file structure39.csv (CSV, C-alpha atoms and all ligand atoms)
chain,number,residue,atom,x,y,z
A,1,MET,CA,118.2,96.4,86.7
A,2,ASP,CA,114.8,96.8,84.9
A,3,GLN,CA,111.9,95.4,86.7
A,4,ALA,CA,111.3,92.4,84.3
A,5,THR,CA,114.9,91.3,84.7
A,6,PHE,CA,114.7,91.7,88.5
A,7,ILE,CA,111.5,89.6,88.7
A,8,LYS,CA,113.0,86.9,86.4
A,9,LYS,CA,116.1,86.8,88.6
A,10,TYR,CA,114.5,86.8,92.0
A,11,ALA,CA,110.9,85.6,91.8
A,12,THR,CA,110.6,82.0,92.7
A,13,ASN,CA,108.1,79.2,93.0
A,14,ARG,CA,108.1,78.2,96.6
A,15,ALA,CA,106.2,74.9,96.4
A,16,ASN,CA,107.8,71.9,98.2
A,17,THR,CA,110.0,74.0,100.4
A,18,ASN,CA,108.0,73.6,103.6
A,19,SER,CA,106.7,77.1,103.0
A,20,LEU,CA,103.9,77.9,105.5
A,21,LYS,CA,102.4,80.2,102.9
A,22,TRP,CA,102.3,77.7,100.0
A,23,ASP,CA,102.8,74.2,101.3
A,24,ALA,CA,100.4,74.5,104.3
A,25,LEU,CA,97.4,75.6,102.1
A,26,ASP,CA,95.6,72.3,102.4
A,27,GLN,CA,96.2,72.1,106.1
A,28,ARG,CA,95.2,75.8,106.8
A,29,TYR,CA,92.5,76.4,104.1
A,30,GLY,CA,91.5,72.9,103.0
A,31,ASN,CA,92.6,73.5,99.5
A,32,PRO,CA,96.2,73.1,98.2
A,33,ASP,CA,95.5,74.9,94.9
A,34,LEU,CA,94.7,78.4,96.2
A,35,ILE,CA,96.9,81.4,95.2
A,36,ALA,CA,98.7,82.1,98.5
A,37,MET,CA,98.4,85.8,99.4
A,38,TRP,CA,98.4,85.5,103.1
A,39,VAL,CA,101.5,85.3,105.5
A,40,ALA,CA,103.8,88.4,105.4
A,41,ASP,CA,106.7,87.1,103.5
A,42,MET,CA,107.7,87.4,99.9
A,43,GLU,CA,108.1,85.3,96.7
A,44,PHE,CA,111.5,86.9,96.1
A,45,LYS,CA,114.9,85.5,96.9
A,46,VAL,CA,117.0,87.6,99.2
A,47,PRO,CA,119.6,90.0,97.8
A,48,GLU,CA,122.4,88.0,96.1
A,49,GLN,CA,124.9,89.4,98.5
A,50,VAL,CA,123.0,87.8,101.3
A,51,THR,CA,122.9,84.4,99.6
A,52,GLN,CA,126.7,84.8,99.0
A,53,ALA,CA,127.3,85.6,102.7
A,54,LEU,CA,125.3,82.6,103.8
A,55,THR,CA,127.0,80.3,101.2
A,56,ASP,CA,130.4,81.4,102.5
A,57,ARG,CA,129.4,80.8,106.1
A,58,VAL,CA,127.9,77.4,105.3
A,59,ALA,CA,131.0,76.4,103.4
A,60,HIS,CA,133.0,76.9,106.6
A,61,GLY,CA,130.9,74.0,108.0
A,62,ILE,CA,131.0,74.8,111.7
A,63,TYR,CA,128.1,76.3,113.6
A,64,GLY,CA,129.5,76.3,117.1
A,65,TYR,CA,128.6,79.0,119.7
A,66,SER,CA,128.9,82.5,118.3
A,67,TYR,CA,128.7,86.1,119.5
A,68,THR,CA,127.4,89.2,117.7
A,69,PRO,CA,130.4,90.9,116.0
A,70,ASP,CA,130.8,94.6,116.1
A,71,SER,CA,130.3,94.6,112.4
A,72,TYR,CA,126.7,93.4,112.8
A,73,TYR,CA,125.9,96.3,115.2
A,74,GLN,CA,127.6,98.8,112.8
A,75,ALA,CA,125.7,97.5,109.8
A,76,PHE,CA,122.3,97.8,111.6
A,77,ILE,CA,123.2,101.2,113.2
A,78,ASN,CA,124.3,102.6,109.9
A,79,TRP,CA,121.1,101.3,108.2
A,80,GLU,CA,118.9,103.0,110.7
A,81,GLN,CA,120.9,106.3,110.4
A,82,ARG,CA,121.0,106.3,106.6
A,83,ARG,CA,117.5,105.1,105.9
A,84,HIS,CA,115.5,106.8,108.8
A,85,GLY,CA,117.8,109.3,110.4
A,86,LEU,CA,117.5,107.3,113.6
A,87,THR,CA,120.4,107.1,116.0
A,88,VAL,CA,120.6,103.8,117.8
A,89,GLN,CA,123.3,103.2,120.4
A,90,LYS,CA,124.9,99.8,120.5
A,91,ASP,CA,124.2,99.3,124.2
A,92,TRP,CA,120.5,99.8,123.7
A,93,ILE,CA,120.3,96.7,121.4
A,94,ARG,CA,119.2,93.2,122.6
A,95,PHE,CA,118.4,90.2,120.3
A,96,GLY,CA,115.4,88.1,120.0
A,97,SER,CA,114.4,85.0,117.9
A,98,GLY,CA,111.5,86.9,116.4
A,99,VAL,CA,109.5,90.0,117.2
A,100,VAL,CA,106.4,88.1,118.4
A,101,ASN,CA,108.6,86.2,120.8
A,102,SER,CA,109.9,89.5,122.1
A,103,LEU,CA,106.4,90.9,122.5
A,104,TYR,CA,105.6,88.1,124.9
A,105,ALA,CA,108.8,88.7,126.9
A,106,LEU,CA,108.2,92.4,127.1
A,107,VAL,CA,104.6,92.0,128.2
A,108,ASN,CA,105.8,89.7,131.0
A,109,THR,CA,108.7,92.0,131.9
A,110,TYR,CA,106.8,95.2,132.3
A,111,THR,CA,103.3,94.3,133.4
A,112,GLN,CA,101.6,92.1,136.0
A,113,PRO,CA,98.6,89.7,135.4
A,114,GLY,CA,95.5,91.8,135.2
A,115,ASP,CA,97.2,95.0,134.1
A,116,GLY,CA,95.6,96.8,131.2
A,117,VAL,CA,97.4,96.6,127.8
A,118,LEU,CA,96.2,98.8,125.0
A,119,ILE,CA,96.2,98.0,121.3
A,120,LEU,CA,94.6,99.8,118.4
A,121,THR,CA,92.4,97.5,116.3
A,122,PRO,CA,92.2,96.0,113.7
A,123,VAL,CA,95.8,94.9,114.3
A,124,TYR,CA,98.2,92.0,113.7
A,125,TYR,CA,96.6,89.2,115.7
A,126,PRO,CA,99.6,88.0,117.8
A,127,PHE,CA,99.2,91.3,119.7
A,128,PHE,CA,95.9,90.0,121.1
A,129,ASN,CA,97.6,86.7,122.0
A,130,ALA,CA,100.7,88.3,123.7
A,131,VAL,CA,98.3,90.1,126.0
A,132,GLN,CA,95.7,87.4,126.6
A,133,ASP,CA,98.0,84.4,126.8
A,134,ASN,CA,99.7,86.2,129.6
A,135,HIS,CA,96.4,87.0,131.4
A,136,ARG,CA,96.7,90.7,131.0
A,137,GLN,CA,93.6,92.8,130.5
A,138,LEU,CA,93.1,93.4,126.8
A,139,VAL,CA,92.0,97.0,126.1
A,140,THR,CA,91.2,97.9,122.5
A,141,SER,CA,90.6,101.2,120.8
A,142,GLU,CA,89.1,100.9,117.3
A,143,LEU,CA,90.7,103.0,114.6
A,144,VAL,CA,88.3,105.2,112.7
A,145,ASN,CA,87.7,104.0,109.2
A,146,ASP,CA,86.8,106.8,106.8
A,147,HIS,CA,86.4,105.0,103.5
A,148,GLY,CA,89.7,103.2,103.8
A,149,HIS,CA,91.6,106.0,105.5
A,150,TYR,CA,92.2,105.0,109.1
A,151,THR,CA,92.9,107.4,111.9
A,152,ILE,CA,93.2,107.2,115.7
A,153,ASP,CA,90.3,108.1,118.0
A,154,PHE,CA,92.3,110.0,120.5
A,155,ALA,CA,89.4,110.7,122.8
A,156,ASP,CA,88.6,107.0,123.0
A,157,VAL,CA,92.3,106.2,123.6
A,158,GLU,CA,92.4,108.6,126.5
A,159,ALA,CA,89.1,107.3,127.9
A,160,LYS,CA,90.3,103.7,127.6
A,161,ILE,CA,93.6,104.4,129.3
A,162,LYS,CA,91.9,106.2,132.2
A,163,ALA,CA,89.1,103.7,132.6
A,164,ASN,CA,91.3,100.6,132.6
A,165,GLU,CA,94.5,101.9,134.2
A,166,VAL,CA,96.4,100.9,131.2
A,167,ARG,CA,100.1,100.3,131.9
A,168,LEU,CA,101.4,99.4,128.5
A,169,PHE,CA,100.5,100.3,124.9
A,170,ILE,CA,101.7,98.1,122.0
A,171,GLN,CA,101.6,100.1,118.8
A,172,CYS,CA,102.1,98.8,115.3
A,173,SER,CA,104.1,101.4,113.2
A,174,PRO,CA,103.6,101.1,110.2
A,175,HIS,CA,100.2,99.6,111.0
A,176,ASN,CA,99.4,96.1,109.9
A,177,PRO,CA,96.8,95.6,108.4
A,178,VAL,CA,95.5,99.0,107.6
A,179,GLY,CA,98.7,100.3,105.9
A,180,ARG,CA,99.0,103.6,107.8
A,181,ILE,CA,102.3,105.2,108.5
A,182,TRP,CA,101.5,107.4,111.5
A,183,THR,CA,102.4,111.1,111.0
A,184,ALA,CA,104.6,113.0,113.4
A,185,ALA,CA,101.5,114.8,114.7
A,186,GLU,CA,99.7,111.6,115.4
A,187,GLU,CA,102.7,110.0,117.0
A,188,THR,CA,103.3,113.0,119.2
A,189,ARG,CA,99.7,113.1,120.4
A,190,LEU,CA,99.6,109.4,121.1
A,191,LEU,CA,102.9,109.3,122.9
A,192,ALA,CA,102.0,112.5,124.8
A,193,LEU,CA,98.9,110.7,126.1
A,194,CYS,CA,101.1,107.8,127.2
A,195,GLU,CA,103.4,110.2,128.9
A,196,GLN,CA,100.5,111.9,130.7
A,197,TYR,CA,99.2,108.6,132.0
A,198,HIS,CA,102.5,106.9,132.7
A,199,VAL,CA,102.0,104.3,130.0
A,200,LEU,CA,105.0,102.4,128.7
A,201,VAL,CA,105.1,102.0,124.9
A,202,ILE,CA,106.3,99.1,122.8
A,203,SER,CA,106.5,100.2,119.2
A,204,ASP,CA,106.5,97.3,116.8
A,205,GLU,CA,108.4,98.7,113.8
A,206,ILE,CA,109.1,95.5,111.9
A,207,HIS,CA,107.6,97.1,108.7
A,208,GLN,CA,109.7,100.3,109.1
A,209,ASP,CA,111.4,99.9,105.7
A,210,ILE,CA,108.3,99.3,103.6
A,211,GLU,CA,107.5,102.8,102.7
A,212,ILE,CA,105.2,103.1,99.7
A,213,ASP,CA,105.4,106.9,99.2
A,214,PRO,CA,108.2,108.1,101.4
A,215,GLN,CA,108.1,111.7,100.0
A,216,ASN,CA,104.6,112.2,101.4
A,217,HIS,CA,104.5,109.5,104.1
A,218,PRO,CA,107.9,108.9,105.6
A,219,PHE,CA,108.2,106.4,108.4
A,220,ILE,CA,108.9,108.0,111.7
A,221,SER,CA,110.3,105.9,114.5
A,222,ALA,CA,108.8,106.4,118.0
A,223,LEU,CA,112.3,107.1,119.1
A,224,THR,CA,112.6,110.2,116.9
A,225,VAL,CA,109.2,111.6,117.5
A,226,ALA,CA,109.3,115.2,118.9
A,227,ASP,CA,113.1,115.1,118.8
A,228,GLY,CA,113.3,112.1,121.0
A,229,ARG,CA,111.1,113.5,123.8
A,230,PHE,CA,109.5,110.1,124.4
A,231,THR,CA,112.6,107.9,124.0
A,232,ASP,CA,112.7,107.1,127.7
A,233,ARG,CA,109.3,105.4,127.7
A,234,VAL,CA,109.6,103.6,124.3
A,235,ILE,CA,110.9,100.2,123.5
A,236,VAL,CA,111.2,99.4,119.8
A,237,VAL,CA,111.1,96.0,118.3
A,238,ASN,CA,112.3,95.5,114.7
A,239,ALA,CA,114.2,93.1,112.5
A,240,PRO,CA,115.7,92.6,109.1
A,241,SER,CA,113.1,89.9,108.5
A,242,LYS,CA,110.2,91.7,106.7
A,243,THR,CA,112.5,94.0,104.8
A,244,PHE,CA,114.7,91.3,103.4
A,245,ASN,CA,112.5,88.2,103.6
A,246,LEU,CA,114.5,86.5,106.3
A,247,ALA,CA,111.7,85.5,108.8
A,248,CYS,CA,112.8,82.0,109.5
A,249,LEU,CA,116.3,82.9,110.2
A,250,LEU,CA,115.0,84.1,113.6
A,251,ASN,CA,117.0,87.2,114.3
A,252,SER,CA,115.3,90.3,115.6
A,253,HIS,CA,116.0,93.3,117.8
A,254,VAL,CA,114.7,94.8,121.0
A,255,ILE,CA,115.9,98.4,121.4
A,256,ILE,CA,115.7,99.9,124.9
A,257,PRO,CA,117.2,103.3,125.3
A,258,ASN,CA,116.2,103.8,129.0
A,259,GLN,CA,118.8,102.2,131.3
A,260,VAL,CA,116.4,101.3,134.1
A,261,LEU,CA,114.0,99.6,131.7
A,262,ARG,CA,117.0,97.8,130.0
A,263,GLU,CA,118.2,96.5,133.4
A,264,LYS,CA,114.7,95.2,134.1
A,265,TYR,CA,114.5,93.5,130.8
A,266,ASP,CA,118.0,91.9,131.2
A,267,ALA,CA,117.0,90.6,134.6
A,268,ALA,CA,113.7,89.2,133.4
A,269,ILE,CA,115.3,87.5,130.3
A,270,ASN,CA,118.1,86.0,132.4
A,271,ARG,CA,115.5,84.4,134.6
A,272,LEU,CA,113.9,82.7,131.6
A,273,SER,CA,116.5,81.8,129.1
A,274,GLN,CA,120.1,81.9,128.1
A,275,THR,CA,119.9,81.7,124.3
A,276,GLU,CA,122.8,82.3,122.0
A,277,VAL,CA,122.4,84.4,118.8
A,278,ASN,CA,121.5,82.7,115.5
A,279,VAL,CA,124.7,82.8,113.5
A,280,LEU,CA,123.0,82.4,110.1
A,281,GLY,CA,120.4,85.0,111.0
A,282,GLN,CA,123.1,87.5,111.9
A,283,THR,CA,125.2,86.6,108.8
A,284,ALA,CA,122.2,87.3,106.6
A,285,GLY,CA,121.1,90.4,108.5
A,286,GLN,CA,124.5,92.0,108.3
A,287,ALA,CA,124.9,91.4,104.6
A,288,ALA,CA,121.4,92.7,104.0
A,289,TYR,CA,122.0,95.9,105.9
A,290,GLU,CA,125.3,96.4,104.2
A,291,SER,CA,124.4,95.6,100.6
A,292,GLY,CA,120.6,95.2,100.3
A,293,ALA,CA,119.4,98.7,99.8
A,294,ALA,CA,119.2,98.5,95.9
A,295,TRP,CA,117.4,95.2,96.1
A,296,LEU,CA,114.9,96.7,98.6
A,297,ASP,CA,114.3,99.6,96.3
A,298,GLN,CA,113.4,97.2,93.5
A,299,ILE,CA,111.1,95.3,95.8
A,300,LEU,CA,109.3,98.5,96.9
A,301,ALA,CA,108.8,99.5,93.2
A,302,ILE,CA,107.2,96.1,92.6
A,303,VAL,CA,104.9,96.5,95.7
A,304,ARG,CA,104.0,100.0,94.5
A,305,ASP,CA,103.2,98.7,91.0
A,306,ASN,CA,101.2,95.8,92.4
A,307,TYR,CA,99.2,98.2,94.6
A,308,HIS,CA,98.6,100.6,91.7
A,309,TYR,CA,97.4,97.7,89.4
A,310,LEU,CA,95.1,96.4,92.1
A,311,LYS,CA,93.7,99.8,92.8
A,312,THR,CA,93.1,100.9,89.2
A,313,GLN,CA,91.7,97.6,88.1
A,314,LEU,CA,89.3,97.3,91.0
A,315,ALA,CA,88.3,100.9,90.7
A,316,GLN,CA,87.3,100.1,87.2
A,317,HIS,CA,85.7,96.7,87.5
A,318,ALA,CA,84.6,96.4,91.2
A,319,PRO,CA,84.4,100.1,92.2
A,320,GLN,CA,82.7,99.4,95.5
A,321,ILE,CA,85.5,97.5,97.0
A,322,VAL,CA,87.2,99.9,99.4
A,323,ILE,CA,91.0,99.6,99.4
A,324,ALA,CA,92.8,101.1,102.4
A,325,ASP,CA,95.4,103.8,101.7
A,326,LEU,CA,98.7,101.9,101.5
A,327,GLN,CA,101.4,104.0,103.0
A,328,GLY,CA,103.5,101.4,104.8
A,329,THR,CA,103.8,97.6,104.8
A,330,TYR,CA,103.2,95.4,101.7
A,331,LEU,CA,99.8,94.3,102.9
A,332,THR,CA,96.7,95.7,101.4
A,333,TRP,CA,93.4,95.8,103.2
A,334,LEU,CA,90.2,95.4,101.3
A,335,ASP,CA,86.6,95.9,102.4
A,336,LEU,CA,84.4,93.6,100.4
A,337,ARG,CA,81.1,94.3,102.3
A,338,ALA,CA,79.5,96.3,99.5
A,339,TYR,CA,79.4,93.1,97.4
A,340,VAL,CA,79.6,90.2,99.8
A,341,LYS,CA,77.7,89.6,103.1
A,342,PRO,CA,80.4,89.4,105.8
A,343,GLU,CA,79.6,85.9,106.8
A,344,PHE,CA,80.1,84.7,103.1
A,345,THR,CA,83.5,86.3,102.7
A,346,ARG,CA,85.4,83.1,103.2
A,347,ASP,CA,83.2,81.2,100.6
A,348,PHE,CA,83.6,84.1,98.2
A,349,ILE,CA,87.4,84.6,98.5
A,350,GLN,CA,88.4,80.9,98.8
A,351,ASP,CA,85.8,79.0,96.8
A,352,LYS,CA,84.9,81.6,94.2
A,353,CYS,CA,88.2,83.5,93.8
A,354,GLY,CA,90.6,80.7,94.7
A,355,LEU,CA,92.7,82.9,97.1
A,356,ALA,CA,94.2,82.3,100.5
A,357,VAL,CA,94.2,85.5,102.4
A,358,ASP,CA,94.2,86.7,106.0
A,359,PHE,CA,90.6,87.3,107.0
A,360,GLY,CA,89.4,90.5,108.7
A,361,GLU,CA,88.1,88.9,111.8
A,362,TRP,CA,91.6,87.6,112.6
A,363,PHE,CA,92.5,91.3,113.2
A,364,SER,CA,89.3,92.4,115.0
A,365,SER,CA,86.0,90.7,115.8
A,366,ASN,CA,84.3,93.7,114.1
A,367,ASP,CA,86.1,93.3,110.8
A,368,GLN,CA,84.5,90.3,109.1
A,369,GLY,CA,84.1,91.3,105.5
A,370,PHE,CA,87.6,92.6,105.2
A,371,VAL,CA,90.6,90.7,103.8
A,372,ARG,CA,94.3,91.3,103.8
A,373,LEU,CA,96.3,90.6,100.6
A,374,ASN,CA,100.1,90.4,100.5
A,375,LEU,CA,101.6,92.4,97.6
A,376,ALA,CA,105.3,91.5,98.0
A,377,THR,CA,104.9,88.9,95.3
A,378,ASP,CA,105.3,88.2,91.6
A,379,PRO,CA,102.9,90.5,89.8
A,380,LYS,CA,101.5,87.5,88.0
A,381,TYR,CA,99.7,86.5,91.2
A,382,VAL,CA,98.3,89.9,91.7
A,383,HIS,CA,97.0,89.9,88.1
A,384,GLN,CA,95.4,86.5,88.6
A,385,ALA,CA,93.9,87.5,92.0
A,386,VAL,CA,92.4,90.7,90.5
A,387,GLU,CA,91.0,88.7,87.6
A,388,HIS,CA,89.4,86.1,89.9
A,389,VAL,CA,87.9,88.8,92.1
A,390,VAL,CA,86.5,90.8,89.2
A,391,GLN,CA,85.0,87.6,87.6
A,392,ALA,CA,83.5,86.5,90.8
A,393,ILE,CA,81.9,89.9,91.4
A,394,GLU,CA,80.5,90.0,87.9
A,395,GLN,CA,78.9,86.6,88.6
A,396,LEU,CA,77.4,87.8,91.8
A,397,THR,CA,75.9,90.9,90.2
A,398,THR,CA,74.6,89.1,87.1
A,399,HIS,CA,73.0,86.5,89.4
A,400,ALA,CA,71.6,89.0,91.8
B,501,LIG,C1,103.5,93.9,113.0
B,501,LIG,C2,104.2,92.6,113.0
B,501,LIG,N1,105.0,92.2,114.0
B,501,LIG,C3,105.6,91.1,114.0
B,501,LIG,C4,105.5,90.2,112.9
B,501,LIG,C5,106.2,88.9,113.0
B,501,LIG,O1,107.5,89.0,113.4
B,501,LIG,P1,108.4,87.7,113.8
B,501,LIG,O2,108.3,86.8,112.6
B,501,LIG,O3,109.8,88.3,113.9
B,501,LIG,O4,107.9,87.1,115.0
B,501,LIG,C6,104.8,90.5,111.8
B,501,LIG,C7,104.6,89.6,110.7
B,501,LIG,O5,103.8,89.7,109.9
B,501,LIG,C8,104.1,91.8,111.8
B,501,LIG,O6,103.3,92.1,110.8

call {"tool": "encode", "arguments": {"input": "structure39.csv", "output": "structure tokens"}}
result
Amino acid sequence: MDQATFIKKYATNRANTNSLKWDALDQRYGNPDLIAMWVADMEFKVPEQVTQALTDRVAHGIYGYSYTPDSYYQAFINWEQRRHGLTVQKDWIRFGSGVVNSLYALVNTYTQPGDGVLILTPVYYPFFNAVQDNHRQLVTSELVNDHGHYTIDFADVEAKIKANEVRLFIQCSPHNPVGRIWTAAEETRLLALCEQYHVLVISDEIHQDIEIDPQNHPFISALTVADGRFTDRVIVVNAPSKTFNLACLLNSHVIIPNQVLREKYDAAINRLSQTEVNVLGQTAGQAAYESGAAWLDQILAIVRDNYHYLKTQLAQHAPQIVIADLQGTYLTWLDLRAYVKPEFTRDFIQDKCGLAVDFGEWFSSNDQGFVRLNLATDPKYVHQAVEHVVQAIEQLTTHA
């Protein structure tokens, strides 16, 4: 299907659907008329096979207690194998009602109050909350920002692990918001440090399928790094939700290859809750893994084109905006500080450009002046956003 036909078929106006992104603009930003480019979900309907599977399930009309069928496991296991060369065994898999929920459970299971938990900042803000709400000691290592290309400061990571007796590292891979897909060399070095200092690793791989340039920057799961050398100390959390726009169907995975860690997790979860699976979430997830690959490839092409458009237009008309390399995720990270004083970013983006974005300081207290824009959207919104930013910058420079 050509891109215009795909967009016509799948892009949708989400107003009046209780969409957090669109219908909560007034509540969250004090202005209902902004273009919503925050929250990591999409303006595209799910693959039609997913809609069909849900429709069939709903037509049955009964939502009594369910279990996860073998066909769900097979669909997910096949997807991981086909798409990423990752072998997942059925008995490693546990289910959650969202990755953030599982992060909280995992922090509680494997650490004690006061223990050091490391994160690399700037990072998806619930990472901070999962550590601090549970009264663990938050330990941060800043990524190094070289004109929009972010790398890990390994010396700082090691020093922080040592100084704070870090017990757990929560990594974001691919990394939201800076768009990096960590290389095999980076992952090996990072996980080797964790091994050396007996640090357990949670790898949040929810964005695993959003690869922008897979030839040059393929996603590498922490479970496959160095031929699986670190598998025993890694727990992966992922879900079909980012890949297929299913966030509110509340179905996610916790993958624990190490049997001792798995038993500990099961015991901890059993003390807290006895939840059943979400039958609609699993119906949708299975159909997506089985038949959603072509749809995803179209979405990725749109994200790539949106990114290319944003980059080339801003390079031409607002060349001092630094745009981070987008290798993974559909979230682009812009540094506006050459044009706008950090404390005026909100006025600039909301009031002058009419955009609702995620602000840099949500991801790190040092990152006021940065904004995150969601590119998994109808290109018309990206075109409008670029136009508004360029106009607002022209006004700033002519009035300066
Ligand atoms: C890195 C990361 N983890 C988790 C989530 C949210 O996952 P869930 O909705 O399953 O809690 C997001 C959403 O943006 C994310 O970017």

call {"tool": "residues_near_ligand", "arguments": {"input": "structure39.csv", "ligand": "ligand LIG 501 (chain B)", "cutoff": "8 Å", "atoms": "all atoms listed in the file", "output": "ChimeraX atom specification"}}
result
/A:39-41,97-102,123-124,126,172-177,204-207,238-239,241-242,247-248,250-252

call {"tool": "residues_around", "arguments": {"input": "structure39.csv", "residues": "Glu387 (chain A)", "least_positions_apart": "2", "cutoff": "10 Å", "atoms": "all atoms listed in the file", "output": "PyMOL selection string"}}
result
chain A and resi 310+313-314+317+353+381-385+389-393

call {"tool": "write_last_selection", "arguments": {"input": "structure39.csv", "atoms": "C-alpha atoms", "output": "PDB file, keeping the file's coordinate frame"}}
result
ATOM      1  CA  LEU A 310      95.100  96.400  92.100  1.00  0.00           C
ATOM      2  CA  GLN A 313      91.700  97.600  88.100  1.00  0.00           C
ATOM      3  CA  LEU A 314      89.300  97.300  91.000  1.00  0.00           C
ATOM      4  CA  HIS A 317      85.700  96.700  87.500  1.00  0.00           C
ATOM      5  CA  CYS A 353      88.200  83.500  93.800  1.00  0.00           C
ATOM      6  CA  TYR A 381      99.700  86.500  91.200  1.00  0.00           C
ATOM      7  CA  VAL A 382      98.300  89.900  91.700  1.00  0.00           C
ATOM      8  CA  HIS A 383      97.000  89.900  88.100  1.00  0.00           C
ATOM      9  CA  GLN A 384      95.400  86.500  88.600  1.00  0.00           C
ATOM     10  CA  ALA A 385      93.900  87.500  92.000  1.00  0.00           C
ATOM     11  CA  VAL A 389      87.900  88.800  92.100  1.00  0.00           C
ATOM     12  CA  VAL A 390      86.500  90.800  89.200  1.00  0.00           C
ATOM     13  CA  GLN A 391      85.000  87.600  87.600  1.00  0.00           C
ATOM     14  CA  ALA A 392      83.500  86.500  90.800  1.00  0.00           C
ATOM     15  CA  ILE A 393      81.900  89.900  91.400  1.00  0.00           C
TER      16      ILE A 393
END

call {"tool": "residues_around", "arguments": {"input": "structure39.csv", "residues": "Leu34 (chain A)", "least_positions_apart": "3", "cutoff": "12 Å", "atoms": "all atoms listed in the file", "output": "VMD selection string"}}
result
chain A and resid 21 to 31 37 to 38 349 to 357 381 384 to 385 388

call {"tool": "residues_near_point", "arguments": {"input": "structure39.csv", "point": "(96.4, 91.5, 122.0)", "cutoff": "12 Å", "atoms": "all atoms listed in the file", "output": "PyMOL selection string"}}
result
chain A and resi 100+103-104+107+116-141+168-172+362-364

call {"tool": "closest_residue", "arguments": {"input": "structure39.csv", "among": "A:Tyr110, A:Phe359, A:Phe44, A:Tyr73", "to": "Leu261 (chain A)", "atoms": "all atoms listed in the file"}}
result
A:Tyr110

call {"tool": "closest_residue", "arguments": {"input": "structure39.csv", "among": "A:Gly114, A:Pro32, A:Gly281, A:Pro342", "to": "Tyr63 (chain A)", "atoms": "only C-alpha atoms"}}
result
A:Gly281

call {"tool": "atom_distance", "arguments": {"input": "structure39.csv", "atom1": "CA of Val199 (chain A)", "atom2": "CA of Arg167 (chain A)"}}
result
4.8 Å

call {"tool": "residues_around", "arguments": {"input": "structure39.csv", "residues": "Pro218 (chain A)", "least_positions_apart": "3", "cutoff": "12 Å", "atoms": "all atoms listed in the file", "output": "ChimeraX atom specification"}}
result
/A:83-85,173-174,180-184,208-215,221,327-328

call {"tool": "residues_around", "arguments": {"input": "structure39.csv", "residues": "Ala301 (chain A)", "least_positions_apart": "5", "cutoff": "9 Å", "atoms": "all atoms listed in the file", "output": "ChimeraX atom specification"}}
result
/A:3,212,296,306

call {"tool": "atom_distance", "arguments": {"input": "structure39.csv", "atom1": "CA of Ala222 (chain A)", "atom2": "CA of Ala324 (chain A)"}}
result
23.0 Å

call {"tool": "atom_distance", "arguments": {"input": "structure39.csv", "atom1": "CA of Trp92 (chain A)", "atom2": "CA of Gln286 (chain A)"}}
result
17.7 Å

call {"tool": "residues_near_point", "arguments": {"input": "structure39.csv", "point": "(90.1, 110.2, 117.4)", "cutoff": "12 Å", "atoms": "all atoms listed in the file", "output": "PDB file with C-alpha atoms, keeping the file's coordinate frame"}}
result
ATOM      1  CA  LEU A 120      94.600  99.800 118.400  1.00  0.00           C
ATOM      2  CA  SER A 141      90.600 101.200 120.800  1.00  0.00           C
ATOM      3  CA  GLU A 142      89.100 100.900 117.300  1.00  0.00           C
ATOM      4  CA  LEU A 143      90.700 103.000 114.600  1.00  0.00           C
ATOM      5  CA  VAL A 144      88.300 105.200 112.700  1.00  0.00           C
ATOM      6  CA  ASN A 145      87.700 104.000 109.200  1.00  0.00           C
ATOM      7  CA  ASP A 146      86.800 106.800 106.800  1.00  0.00           C
ATOM      8  CA  TYR A 150      92.200 105.000 109.100  1.00  0.00           C
ATOM      9  CA  THR A 151      92.900 107.400 111.900  1.00  0.00           C
ATOM     10  CA  ILE A 152      93.200 107.200 115.700  1.00  0.00           C
ATOM     11  CA  ASP A 153      90.300 108.100 118.000  1.00  0.00           C
ATOM     12  CA  PHE A 154      92.300 110.000 120.500  1.00  0.00           C
ATOM     13  CA  ALA A 155      89.400 110.700 122.800  1.00  0.00           C
ATOM     14  CA  ASP A 156      88.600 107.000 123.000  1.00  0.00           C
ATOM     15  CA  VAL A 157      92.300 106.200 123.600  1.00  0.00           C
ATOM     16  CA  GLU A 158      92.400 108.600 126.500  1.00  0.00           C
ATOM     17  CA  ALA A 159      89.100 107.300 127.900  1.00  0.00           C
ATOM     18  CA  GLU A 186      99.700 111.600 115.400  1.00  0.00           C
ATOM     19  CA  ARG A 189      99.700 113.100 120.400  1.00  0.00           C
ATOM     20  CA  LEU A 190      99.600 109.400 121.100  1.00  0.00           C
TER      21      LEU A 190
END

call {"tool": "closest_residue", "arguments": {"input": "structure39.csv", "among": "A:Ser19, A:Gln320, A:Thr188, A:Asn13", "to": "Asp335 (chain A)", "atoms": "all atoms listed in the file"}}
result
A:Gln320

call {"tool": "decode", "arguments": {"input": "structure39.csv", "residues": "region 59-72 of chain A", "atoms": "C-alpha atoms", "output": "mmCIF file, in the first residue's frame"}}
result
data_model
loop_
_atom_site.group_PDB
_atom_site.id
_atom_site.type_symbol
_atom_site.label_atom_id
_atom_site.label_comp_id
_atom_site.auth_asym_id
_atom_site.auth_seq_id
_atom_site.Cartn_x
_atom_site.Cartn_y
_atom_site.Cartn_z
ATOM 1 C CA ALA A 59 -19.070 -10.409 19.277
ATOM 2 C CA HIS A 60 -18.812 -13.464 21.512
ATOM 3 C CA GLY A 61 -19.998 -11.210 24.325
ATOM 4 C CA ILE A 62 -18.503 -12.994 27.327
ATOM 5 C CA TYR A 63 -15.468 -11.771 29.235
ATOM 6 C CA GLY A 64 -15.223 -14.334 31.999
ATOM 7 C CA TYR A 65 -11.938 -15.507 33.534
ATOM 8 C CA SER A 66 -9.386 -16.446 30.907
ATOM 9 C CA TYR A 67 -5.923 -17.936 30.691
ATOM 10 C CA THR A 68 -3.123 -17.236 28.226
ATOM 11 C CA PRO A 69 -3.394 -19.717 25.351
ATOM 12 C CA ASP A 70 -0.353 -21.407 23.913
ATOM 13 C CA SER A 71 -1.032 -19.552 20.670
ATOM 14 C CA TYR A 72 -0.284 -16.224 22.410
#
